[in-house]
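> My structure file model_27.csv, CSV, N, CA and C atoms, is below:
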chain,number,residue,atom,x,y,z
A,612,TRP,N,17.7,1.3,4.3
A,612,TRP,CA,16.5,0.8,4.9
A,612,TRP,C,15.3,1.0,3.9
A,613,GLY,N,14.5,0.0,3.8
A,613,GLY,CA,13.3,0.2,3.0
A,613,GLY,C,12.1,0.2,3.9
A,614,ILE,N,11.2,1.2,3.8
A,614,ILE,CA,10.0,1.3,4.7
A,614,ILE,C,8.8,1.1,3.9
A,615,ARG,N,7.9,0.2,4.3
A,615,ARG,CA,6.7,-0.1,3.6
A,615,ARG,C,5.5,0.0,4.6
A,616,GLN,N,4.4,0.4,4.1
A,616,GLN,CA,3.2,0.4,5.0
A,616,GLN,C,2.3,-0.7,4.6
A,617,LEU,N,1.9,-1.6,5.5
A,617,LEU,CA,1.0,-2.7,5.2
A,617,LEU,C,-0.1,-2.8,6.2
A,618,ALA,N,-1.3,-2.6,5.8
A,618,ALA,CA,-2.5,-2.8,6.7
A,618,ALA,C,-2.2,-2.0,8.0
A,619,GLY,N,-1.8,-0.7,7.9
A,619,GLY,CA,-1.6,0.1,9.1
A,619,GLY,C,-0.3,-0.2,9.9
A,620,MET,N,0.5,-1.1,9.4
A,620,MET,CA,1.7,-1.5,10.1
A,620,MET,C,2.9,-1.0,9.3
A,621,GLU,N,3.9,-0.4,9.9
A,621,GLU,CA,5.1,0.0,9.2
A,621,GLU,C,6.1,-1.1,9.3
A,622,ILE,N,6.6,-1.5,8.1
A,622,ILE,CA,7.6,-2.5,8.1
A,622,ILE,C,8.9,-1.9,7.5
A,623,THR,N,10.0,-2.1,8.3
A,623,THR,CA,11.3,-1.6,7.9
A,623,THR,C,12.2,-2.8,7.6
A,624,ILE,N,12.8,-2.8,6.4
A,624,ILE,CA,13.8,-3.9,6.0
A,624,ILE,C,15.1,-3.2,5.7
A,625,ASP,N,16.2,-3.7,6.4
A,625,ASP,CA,17.5,-3.1,6.1
A,625,ASP,C,18.1,-3.9,4.9
A,626,THR,N,18.2,-3.2,3.8
A,626,THR,CA,18.7,-3.8,2.6
A,626,THR,C,20.2,-3.4,2.2
A,627,LYS,N,20.8,-2.6,3.1
A,627,LYS,CA,22.1,-2.1,2.8
A,627,LYS,C,23.2,-3.1,2.5
A,628,GLU,N,23.1,-4.3,3.2
A,628,GLU,CA,24.1,-5.3,3.1
A,628,GLU,C,23.9,-6.4,2.0
A,629,VAL,N,22.8,-6.2,1.2
A,629,VAL,CA,22.5,-7.3,0.2
A,629,VAL,C,23.6,-7.6,-0.7
A,630,CYS,N,24.3,-6.6,-1.2
A,630,CYS,CA,25.4,-6.8,-2.2
A,630,CYS,C,26.5,-7.5,-1.6
A,631,SER,N,26.8,-7.3,-0.3
A,631,SER,CA,27.9,-8.0,0.3
A,631,SER,C,27.6,-9.3,0.9
A,632,LEU,N,26.4,-9.8,0.8
A,632,LEU,CA,26.1,-11.2,1.3
A,632,LEU,C,26.8,-12.2,0.5
A,633,PRO,N,27.2,-13.3,1.1
A,633,PRO,CA,28.0,-14.3,0.4
A,633,PRO,C,27.1,-15.1,-0.6
A,634,GLY,N,25.8,-15.3,-0.4
A,634,GLY,CA,24.9,-16.1,-1.2
A,634,GLY,C,25.3,-16.2,-2.7
A,635,PRO,N,24.6,-16.7,-3.5
A,635,PRO,CA,23.2,-17.1,-3.3
A,635,PRO,C,23.1,-18.5,-2.6
A,636,VAL,N,22.0,-18.6,-1.9
A,636,VAL,CA,21.7,-19.9,-1.2
A,636,VAL,C,20.6,-20.6,-2.0
A,637,ASP,N,20.4,-21.9,-1.7
A,637,ASP,CA,19.3,-22.7,-2.3
A,637,ASP,C,18.0,-22.4,-1.5
A,638,VAL,N,16.9,-22.2,-2.1
A,638,VAL,CA,15.6,-21.9,-1.5
A,638,VAL,C,14.6,-22.9,-2.0
A,639,HIS,N,13.9,-23.6,-1.1
A,639,HIS,CA,12.9,-24.6,-1.5
A,639,HIS,C,11.6,-24.2,-0.9
A,640,LEU,N,10.5,-24.2,-1.6
A,640,LEU,CA,9.2,-24.0,-1.1
A,640,LEU,C,8.4,-25.3,-1.1
A,641,VAL,N,8.2,-25.8,0.1
A,641,VAL,CA,7.6,-27.1,0.2
A,641,VAL,C,6.1,-27.0,0.6
A,642,PRO,N,5.2,-27.8,0.1
A,642,PRO,CA,3.8,-27.7,0.5
A,642,PRO,C,3.4,-28.3,1.8
A,643,CYS,N,4.0,-27.7,2.9
A,643,CYS,CA,3.7,-28.2,4.2
A,643,CYS,C,4.0,-27.2,5.2
A,644,THR,N,3.6,-27.4,6.5
A,644,THR,CA,3.9,-26.6,7.6
A,644,THR,C,4.8,-27.3,8.5
A,645,ILE,N,5.9,-26.7,8.9
A,645,ILE,CA,6.8,-27.3,9.8
A,645,ILE,C,6.9,-26.4,11.0
A,646,LYS,N,6.4,-27.0,12.2
A,646,LYS,CA,6.4,-26.2,13.4
A,646,LYS,C,7.7,-26.3,14.1
A,647,HIS,N,8.7,-25.7,13.5
A,647,HIS,CA,10.0,-25.6,14.1
A,647,HIS,C,10.6,-24.3,13.7
A,648,ASP,N,11.3,-23.6,14.6
A,648,ASP,CA,11.9,-22.4,14.3
A,648,ASP,C,13.4,-22.5,14.8
A,649,GLY,N,14.3,-22.8,13.9
A,649,GLY,CA,15.7,-23.0,14.2
A,649,GLY,C,16.3,-23.9,13.2
A,650,SER,N,17.5,-24.3,13.5
A,650,SER,CA,18.3,-25.0,12.5
A,650,SER,C,17.9,-26.5,12.4
A,651,ALA,N,18.1,-27.1,11.3
A,651,ALA,CA,17.8,-28.5,11.1
A,651,ALA,C,18.8,-29.0,10.1
A,652,LYS,N,19.0,-30.3,10.1
A,652,LYS,CA,20.0,-31.0,9.2
A,652,LYS,C,19.2,-31.4,7.9
A,653,VAL,N,18.7,-30.4,7.2
A,653,VAL,CA,17.9,-30.6,6.0
A,653,VAL,C,18.7,-31.3,4.9
A,654,ASN,N,20.0,-31.0,4.7
A,654,ASN,CA,20.8,-31.6,3.7
A,654,ASN,C,20.9,-33.1,3.9
A,655,GLY,N,20.7,-33.6,5.1
A,655,GLY,CA,20.8,-35.0,5.3
A,655,GLY,C,19.5,-35.8,5.1
A,656,TYR,N,18.4,-35.1,5.0
A,656,TYR,CA,17.1,-35.8,4.8
A,656,TYR,C,16.4,-35.4,3.6
A,657,PHE,N,16.5,-34.2,3.1
A,657,PHE,CA,15.8,-33.7,1.9
A,657,PHE,C,16.8,-33.8,0.8
A,658,LEU,N,16.6,-34.9,0.0
A,658,LEU,CA,17.6,-35.2,-1.1
A,658,LEU,C,16.9,-35.3,-2.4
A,659,PRO,N,16.7,-34.2,-3.1
A,659,PRO,CA,16.1,-34.2,-4.4
A,659,PRO,C,16.9,-35.0,-5.5
A,660,THR,N,16.2,-35.6,-6.4
A,660,THR,CA,16.9,-36.3,-7.5
A,660,THR,C,16.2,-35.9,-8.8
A,661,THR,N,16.9,-36.3,-9.9
A,661,THR,CA,16.3,-36.0,-11.2
A,661,THR,C,15.6,-37.3,-11.6
A,662,SER,N,14.3,-37.1,-12.1
A,662,SER,CA,13.5,-38.3,-12.5
A,662,SER,C,13.9,-38.7,-13.9
A,663,GLU,N,13.3,-39.8,-14.4
A,663,GLU,CA,13.5,-40.3,-15.7
A,663,GLU,C,13.1,-39.3,-16.8
A,664,THR,N,12.1,-38.5,-16.4
A,664,THR,CA,11.5,-37.5,-17.4
A,664,THR,C,12.3,-36.2,-17.3
A,665,GLY,N,13.3,-36.1,-16.4
A,665,GLY,CA,14.1,-34.9,-16.3
A,665,GLY,C,13.6,-33.9,-15.3
A,666,GLY,N,12.4,-34.2,-14.6
A,666,GLY,CA,11.9,-33.4,-13.5
A,666,GLY,C,12.6,-33.7,-12.2
A,667,MET,N,12.3,-32.9,-11.2
A,667,MET,CA,12.9,-33.2,-9.9
A,667,MET,C,11.9,-33.9,-9.0
A,668,GLU,N,12.4,-34.9,-8.2
A,668,GLU,CA,11.5,-35.6,-7.3
A,668,GLU,C,12.2,-35.7,-6.0
A,669,CYS,N,11.4,-35.9,-4.9
A,669,CYS,CA,11.8,-36.0,-3.6
A,669,CYS,C,10.7,-36.5,-2.7
A,670,ALA,N,11.0,-37.0,-1.6
A,670,ALA,CA,10.0,-37.4,-0.6
A,670,ALA,C,10.2,-36.7,0.7
A,671,LEU,N,9.1,-36.3,1.3
A,671,LEU,CA,9.2,-35.6,2.6
A,671,LEU,C,8.2,-36.3,3.5
A,672,ARG,N,8.8,-37.0,4.5
A,672,ARG,CA,7.9,-37.7,5.5
A,672,ARG,C,7.0,-38.7,4.8
A,673,GLY,N,7.6,-39.4,3.7
A,673,GLY,CA,6.9,-40.4,3.0
A,673,GLY,C,5.9,-39.9,1.9
A,674,ARG,N,5.8,-38.6,1.7
A,674,ARG,CA,5.0,-38.0,0.7
A,674,ARG,C,5.8,-37.7,-0.5
A,675,GLN,N,5.4,-38.2,-1.7
A,675,GLN,CA,6.1,-37.9,-3.0
A,675,GLN,C,5.9,-36.4,-3.4
A,676,LEU,N,7.0,-35.8,-3.7
A,676,LEU,CA,7.0,-34.4,-4.2
A,676,LEU,C,7.6,-34.3,-5.5
A,677,PHE,N,7.1,-33.4,-6.4
A,677,PHE,CA,7.6,-33.1,-7.7
A,677,PHE,C,8.0,-31.6,-7.7
A,678,GLY,N,9.2,-31.3,-8.2
A,678,GLY,CA,9.7,-29.9,-8.1
A,678,GLY,C,10.1,-29.4,-9.5
A,679,ALA,N,10.2,-28.0,-9.5
A,679,ALA,CA,10.8,-27.3,-10.6
A,679,ALA,C,11.5,-26.1,-10.0
A,680,THR,N,12.5,-25.6,-10.8
A,680,THR,CA,13.3,-24.5,-10.3
A,680,THR,C,12.8,-23.3,-11.2
A,681,PHE,N,12.6,-22.1,-10.5
A,681,PHE,CA,12.1,-20.9,-11.1
A,681,PHE,C,13.1,-19.8,-10.9
A,682,PRO,N,13.7,-19.2,-11.9
A,682,PRO,CA,14.7,-18.1,-11.6
A,682,PRO,C,14.0,-16.8,-11.2
A,683,ILE,N,14.7,-16.1,-10.3
A,683,ILE,CA,14.2,-14.8,-9.9
A,683,ILE,C,14.3,-13.9,-11.2
A,684,PRO,N,13.2,-13.2,-11.6
A,684,PRO,CA,13.3,-12.4,-12.8
A,684,PRO,C,14.4,-11.3,-12.8
A,685,LYS,N,14.9,-11.0,-14.0
A,685,LYS,CA,15.9,-10.0,-14.1
A,685,LYS,C,15.5,-8.7,-13.5
A,686,GLY,N,16.4,-8.0,-12.8
A,686,GLY,CA,16.0,-6.8,-12.2
A,686,GLY,C,15.5,-6.9,-10.7
A,687,PHE,N,15.4,-8.2,-10.3
A,687,PHE,CA,14.9,-8.4,-8.9
A,687,PHE,C,16.0,-9.3,-8.2
A,688,THR,N,15.9,-9.2,-6.9
A,688,THR,CA,16.8,-10.0,-6.0
A,688,THR,C,15.9,-10.7,-5.0
A,689,GLY,N,16.0,-12.0,-4.9
A,689,GLY,CA,15.3,-12.7,-3.8
A,689,GLY,C,16.1,-12.5,-2.5
A,690,ILE,N,15.4,-12.2,-1.4
A,690,ILE,CA,16.1,-12.0,-0.2
A,690,ILE,C,15.4,-12.8,0.9
A,691,ILE,N,16.2,-13.2,1.9
A,691,ILE,CA,15.6,-13.9,3.1
A,691,ILE,C,15.8,-13.0,4.2
A,692,VAL,N,14.7,-12.7,5.0
A,692,VAL,CA,14.8,-11.8,6.1
A,692,VAL,C,14.5,-12.4,7.4
A,693,ASN,N,14.9,-11.8,8.4
A,693,ASN,CA,14.8,-12.2,9.8
A,693,ASN,C,14.2,-11.1,10.6
A,694,GLU,N,13.2,-11.3,11.4
A,694,GLU,CA,12.7,-10.2,12.2
A,694,GLU,C,13.6,-10.0,13.4
A,695,GLU,N,13.9,-8.7,13.6
A,695,GLU,CA,14.8,-8.4,14.7
A,695,GLU,C,14.1,-8.5,16.1
A,696,ASP,N,14.8,-8.9,17.1
A,696,ASP,CA,14.2,-9.1,18.4
A,696,ASP,C,13.6,-7.9,19.0
A,697,ASP,N,14.0,-6.7,18.6
A,697,ASP,CA,13.4,-5.5,19.3
A,697,ASP,C,12.3,-4.9,18.5
A,698,SER,N,11.6,-5.8,17.6
A,698,SER,CA,10.5,-5.2,16.8
A,698,SER,C,9.2,-5.8,17.2
A,699,PHE,N,8.9,-5.9,18.5
A,699,PHE,CA,7.6,-6.5,18.9
A,699,PHE,C,6.5,-5.5,19.0
A,700,ASP,N,6.6,-4.3,18.5
A,700,ASP,CA,5.6,-3.3,18.5
A,700,ASP,C,4.6,-3.6,17.4
A,701,ASP,N,3.3,-3.6,17.7
A,701,ASP,CA,2.3,-3.9,16.7
A,701,ASP,C,2.2,-3.0,15.5
A,702,SER,N,2.7,-1.8,15.7
A,702,SER,CA,2.6,-0.8,14.6
A,702,SER,C,3.9,-0.7,13.8
A,703,HIS,N,5.0,-1.2,14.2
A,703,HIS,CA,6.2,-1.2,13.5
A,703,HIS,C,7.0,-2.4,13.7
A,704,ARG,N,7.4,-3.1,12.6
A,704,ARG,CA,8.2,-4.3,12.6
A,704,ARG,C,9.5,-4.0,11.9
A,705,LYS,N,10.6,-4.5,12.4
A,705,LYS,CA,11.9,-4.3,11.8
A,705,LYS,C,12.6,-5.6,11.4
A,706,TRP,N,13.0,-5.7,10.1
A,706,TRP,CA,13.6,-6.9,9.6
A,706,TRP,C,15.0,-6.7,9.0
A,707,SER,N,15.8,-7.7,9.1
A,707,SER,CA,17.1,-7.5,8.5
A,707,SER,C,17.3,-8.6,7.4
A,708,VAL,N,18.1,-8.3,6.4
A,708,VAL,CA,18.3,-9.3,5.3
A,708,VAL,C,19.5,-10.2,5.8
A,709,ILE,N,19.2,-11.5,5.7
A,709,ILE,CA,20.3,-12.5,6.2
A,709,ILE,C,20.9,-13.2,5.0
A,710,ASP,N,20.2,-13.3,3.9
A,710,ASP,CA,20.8,-14.0,2.7
A,710,ASP,C,20.0,-13.6,1.5
A,711,LYS,N,20.5,-14.0,0.3
A,711,LYS,CA,19.9,-13.8,-0.9
A,711,LYS,C,19.9,-15.0,-1.8
A,712,PHE,N,19.0,-15.0,-2.8
A,712,PHE,CA,18.9,-16.2,-3.7
A,712,PHE,C,18.6,-15.7,-5.1
A,713,GLU,N,18.9,-16.5,-6.1
A,713,GLU,CA,18.7,-16.2,-7.5
A,713,GLU,C,17.6,-17.1,-8.1
A,714,GLN,N,17.2,-18.1,-7.4
A,714,GLN,CA,16.2,-19.0,-7.9
A,714,GLN,C,15.5,-19.7,-6.8
A,715,ILE,N,14.3,-20.2,-7.0
A,715,ILE,CA,13.6,-20.9,-6.0
A,715,ILE,C,13.1,-22.2,-6.6
A,716,THR,N,13.2,-23.3,-5.8
A,716,THR,CA,12.7,-24.5,-6.2
A,716,THR,C,11.4,-24.8,-5.5
A,717,TYR,N,10.3,-24.9,-6.2
A,717,TYR,CA,9.0,-25.2,-5.5
A,717,TYR,C,8.6,-26.6,-5.8
A,718,TRP,N,7.8,-27.1,-4.8
A,718,TRP,CA,7.4,-28.5,-4.9
A,718,TRP,C,5.9,-28.7,-4.8
A,719,ASN,N,5.4,-29.6,-5.5
A,719,ASN,CA,4.0,-30.0,-5.5
A,719,ASN,C,3.8,-31.4,-5.0
A,720,HIS,N,2.7,-31.7,-4.3
A,720,HIS,CA,2.3,-33.0,-3.9
A,720,HIS,C,1.7,-33.7,-5.1
A,721,ASP,N,2.2,-34.9,-5.5
A,721,ASP,CA,1.5,-35.8,-6.4
A,721,ASP,C,1.3,-35.2,-7.8
A,722,THR,N,1.6,-34.0,-8.1
A,722,THR,CA,1.5,-33.5,-9.5
A,722,THR,C,2.8,-32.8,-10.0
A,723,THR,N,3.1,-33.0,-11.2
A,723,THR,CA,4.3,-32.3,-11.7
A,723,THR,C,4.0,-30.8,-11.9
A,724,PRO,N,5.1,-30.0,-11.7
A,724,PRO,CA,4.9,-28.6,-11.8
A,724,PRO,C,4.5,-28.2,-13.2
A,725,SER,N,3.7,-27.1,-13.2
A,725,SER,CA,3.2,-26.6,-14.5
A,725,SER,C,3.2,-25.1,-14.6
A,726,PRO,N,3.1,-24.5,-15.7
A,726,PRO,CA,3.1,-23.0,-15.9
A,726,PRO,C,1.9,-22.4,-15.1
A,727,THR,N,0.9,-23.1,-14.8
A,727,THR,CA,-0.3,-22.6,-14.1
A,727,THR,C,-0.1,-22.6,-12.5
A,728,ASP,N,1.0,-23.1,-12.0
A,728,ASP,CA,1.3,-23.0,-10.6
A,728,ASP,C,1.6,-21.6,-10.2
A,729,ASP,N,1.4,-21.3,-8.9
A,729,ASP,CA,1.6,-20.0,-8.4
A,729,ASP,C,2.9,-19.3,-8.6
A,730,ILE,N,4.0,-20.1,-8.4
A,730,ILE,CA,5.4,-19.5,-8.6
A,730,ILE,C,5.6,-19.1,-10.1
A,731,PRO,N,5.4,-19.9,-11.1
A,731,PRO,CA,5.6,-19.4,-12.4
A,731,PRO,C,4.7,-18.3,-12.8
A,732,ARG,N,3.5,-18.2,-12.2
A,732,ARG,CA,2.5,-17.1,-12.5
A,732,ARG,C,3.0,-15.8,-12.0
A,733,LEU,N,4.0,-15.8,-11.1
A,733,LEU,CA,4.5,-14.6,-10.5
A,733,LEU,C,5.1,-13.7,-11.7
A,734,GLN,N,5.7,-14.4,-12.6
A,734,GLN,CA,6.3,-13.7,-13.8
A,734,GLN,C,5.3,-12.9,-14.5
A,735,HIS,N,4.1,-13.4,-14.7
A,735,HIS,CA,3.0,-12.7,-15.3
A,735,HIS,C,2.6,-11.5,-14.5
A,736,TRP,N,2.6,-11.6,-13.1
A,736,TRP,CA,2.2,-10.5,-12.3
A,736,TRP,C,3.2,-9.4,-12.4
A,737,ILE,N,4.5,-9.8,-12.4
A,737,ILE,CA,5.6,-8.7,-12.5
A,737,ILE,C,5.4,-8.0,-13.8
A,738,THR,N,5.1,-8.7,-14.9
A,738,THR,CA,4.9,-8.0,-16.2
A,738,THR,C,3.7,-7.1,-16.2
A,739,LEU,N,2.6,-7.6,-15.6
A,739,LEU,CA,1.4,-6.8,-15.5
A,739,LEU,C,1.6,-5.6,-14.6
A,740,SER,N,2.3,-5.8,-13.5
A,740,SER,CA,2.5,-4.7,-12.5
A,740,SER,C,3.3,-3.6,-13.2
A,741,LYS,N,4.3,-4.0,-14.0
A,741,LYS,CA,5.2,-3.0,-14.6
A,741,LYS,C,4.3,-2.2,-15.6
A,742,ALA,N,3.5,-2.9,-16.4
A,742,ALA,CA,2.6,-2.2,-17.4
A,742,ALA,C,1.6,-1.2,-16.7
A,743,ILE,N,1.1,-1.6,-15.5
A,743,ILE,CA,0.2,-0.8,-14.8
A,743,ILE,C,0.9,0.5,-14.3
A,744,HIS,N,2.1,0.3,-13.8
A,744,HIS,CA,2.8,1.4,-13.1
A,744,HIS,C,3.7,2.2,-13.9
A,745,ASP,N,4.0,1.8,-15.2
A,745,ASP,CA,4.8,2.6,-16.1
A,745,ASP,C,4.0,3.9,-16.5
A,746,PRO,N,4.7,5.0,-16.7
A,746,PRO,CA,4.1,6.2,-17.1
A,746,PRO,C,3.4,6.0,-18.5
A,747,VAL,N,2.3,6.7,-18.7
A,747,VAL,CA,1.6,6.6,-20.0
A,747,VAL,C,2.2,7.6,-20.9
A,748,GLY,N,2.7,7.2,-22.1
A,748,GLY,CA,3.3,8.1,-23.0
A,748,GLY,C,2.3,9.1,-23.6
A,749,ASN,N,2.8,10.2,-24.2
A,749,ASN,CA,1.9,11.2,-24.8
A,749,ASN,C,1.5,10.6,-26.2
A,750,ALA,N,0.2,10.7,-26.4
A,750,ALA,CA,-0.4,10.1,-27.7
A,750,ALA,C,-0.6,11.2,-28.7
Could you render the structure as C-alpha cells?


Amino acid sequence: WGIRQLAGMEITIDTKEVCSLPGPVDVHLVPCTIKHDGSAKVNGYFLPTTSETGGMECALRGRQLFGATFPIPKGFTGIIVNEEDDSFDDSHRKWSVIDKFEQITYWNHDTTPSPTDDIPRLQHWITLSKAIHDPVGNA
C-alpha cells in the first residue's frame, strides 16, 4: 500500500499487484469530457490512423484530433486506479490498481502535438524534481 497526504486527505493506493497485472494496456488522453462511467465499445468507434506526414489522426464526434505517443519515463510505471466502494470517507480514500501502461497517446484539437504540450513537458518536470530532491554532495 502507498499512502499519500493530499490537501488534508489521506489517499491509499494498493500497489502490491502491479507486477502481476497482465498489461500493458493502451491509454489515450483525449481533449474532452465524457459523462459516462462504465464500459464502452471504444475500439469500434475510436480508430486512429497514421497521416501522410507520419503523425496520428482520428476524429471524435466529428472533431479532428492529432495525436502523439509519449513513453512513460524509465524508472516509472503508469498505473490505472479505481476507487474502492468502501472509501466514501472525506478524510481517507482507498484506490486499487487495475492495470498498467508503458506509454500514453495524447490528442490535440486542430493542432499537431509539439514538445511544448503538457504531456511531453512532464519529462522536464521529472528531471527537475529529481534534481531538487537529490541529496546535495559535499563540496

> Go through chain A and collect every residue that DSSP, computed from the backbone, puts in strand (DSSP E or B); the answer should be as a ChimeraX atom specification.

/A:613-617,620-625,639-640,660-661,667-671,674-682,689-694,700,703-712,714-720

> Quick one, how far is atom CA of A:Asn693 from atom CA of A:Ser707?

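Distance reported for this atom pair: 5.4 Å.
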
> For A:Phe681, work out the shell of residues within 7 Å, counting all atoms listed in the file and skipping chain neighbours fewer than 2 positions away, then give it as a list in words.

Ala679, Ile683, Pro684, Glu713, Gln714, Ile715, Thr716, Tyr717, Ile730 and Pro731 of chain A

> Identify, on the basis of only C-alpha atoms, every residue whose closest approach to A:Cys630 does not exceed 10 Å; exclude the query and any residue fewer than 2 positions from it along the same chain; express the result as a ChimeraX atom specification.

/A:626-628,632-634,688,710-711

> For those residues, write N, CA and C atoms to a file as a compact mmCIF listing (two decimals), in the frame of the given file.


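What follows is the written file selection34.txt:
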# COMPACT_ATOMS: atom_id res chain seq x y z
N THR A 626 18.20 -3.20 3.80
CA THR A 626 18.70 -3.80 2.60
C THR A 626 20.20 -3.40 2.20
N LYS A 627 20.80 -2.60 3.10
CA LYS A 627 22.10 -2.10 2.80
C LYS A 627 23.20 -3.10 2.50
N GLU A 628 23.10 -4.30 3.20
CA GLU A 628 24.10 -5.30 3.10
C GLU A 628 23.90 -6.40 2.00
N LEU A 632 26.40 -9.80 0.80
CA LEU A 632 26.10 -11.20 1.30
C LEU A 632 26.80 -12.20 0.50
N PRO A 633 27.20 -13.30 1.10
CA PRO A 633 28.00 -14.30 0.40
C PRO A 633 27.10 -15.10 -0.60
N GLY A 634 25.80 -15.30 -0.40
CA GLY A 634 24.90 -16.10 -1.20
C GLY A 634 25.30 -16.20 -2.70
N THR A 688 15.90 -9.20 -6.90
CA THR A 688 16.80 -10.00 -6.00
C THR A 688 15.90 -10.70 -5.00
N ASP A 710 20.20 -13.30 3.90
CA ASP A 710 20.80 -14.00 2.70
C ASP A 710 20.00 -13.60 1.50
N LYS A 711 20.50 -14.00 0.30
CA LYS A 711 19.90 -13.80 -0.90
C LYS A 711 19.90 -15.00 -1.80

> Rounded to one decimal, what separation in Å do you get between atom CA of A:Ile709 and atom CA of A:Lys741?

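About the pair atom CA of A:Ile709 and atom CA of A:Lys741: they are 27.4 Å apart.
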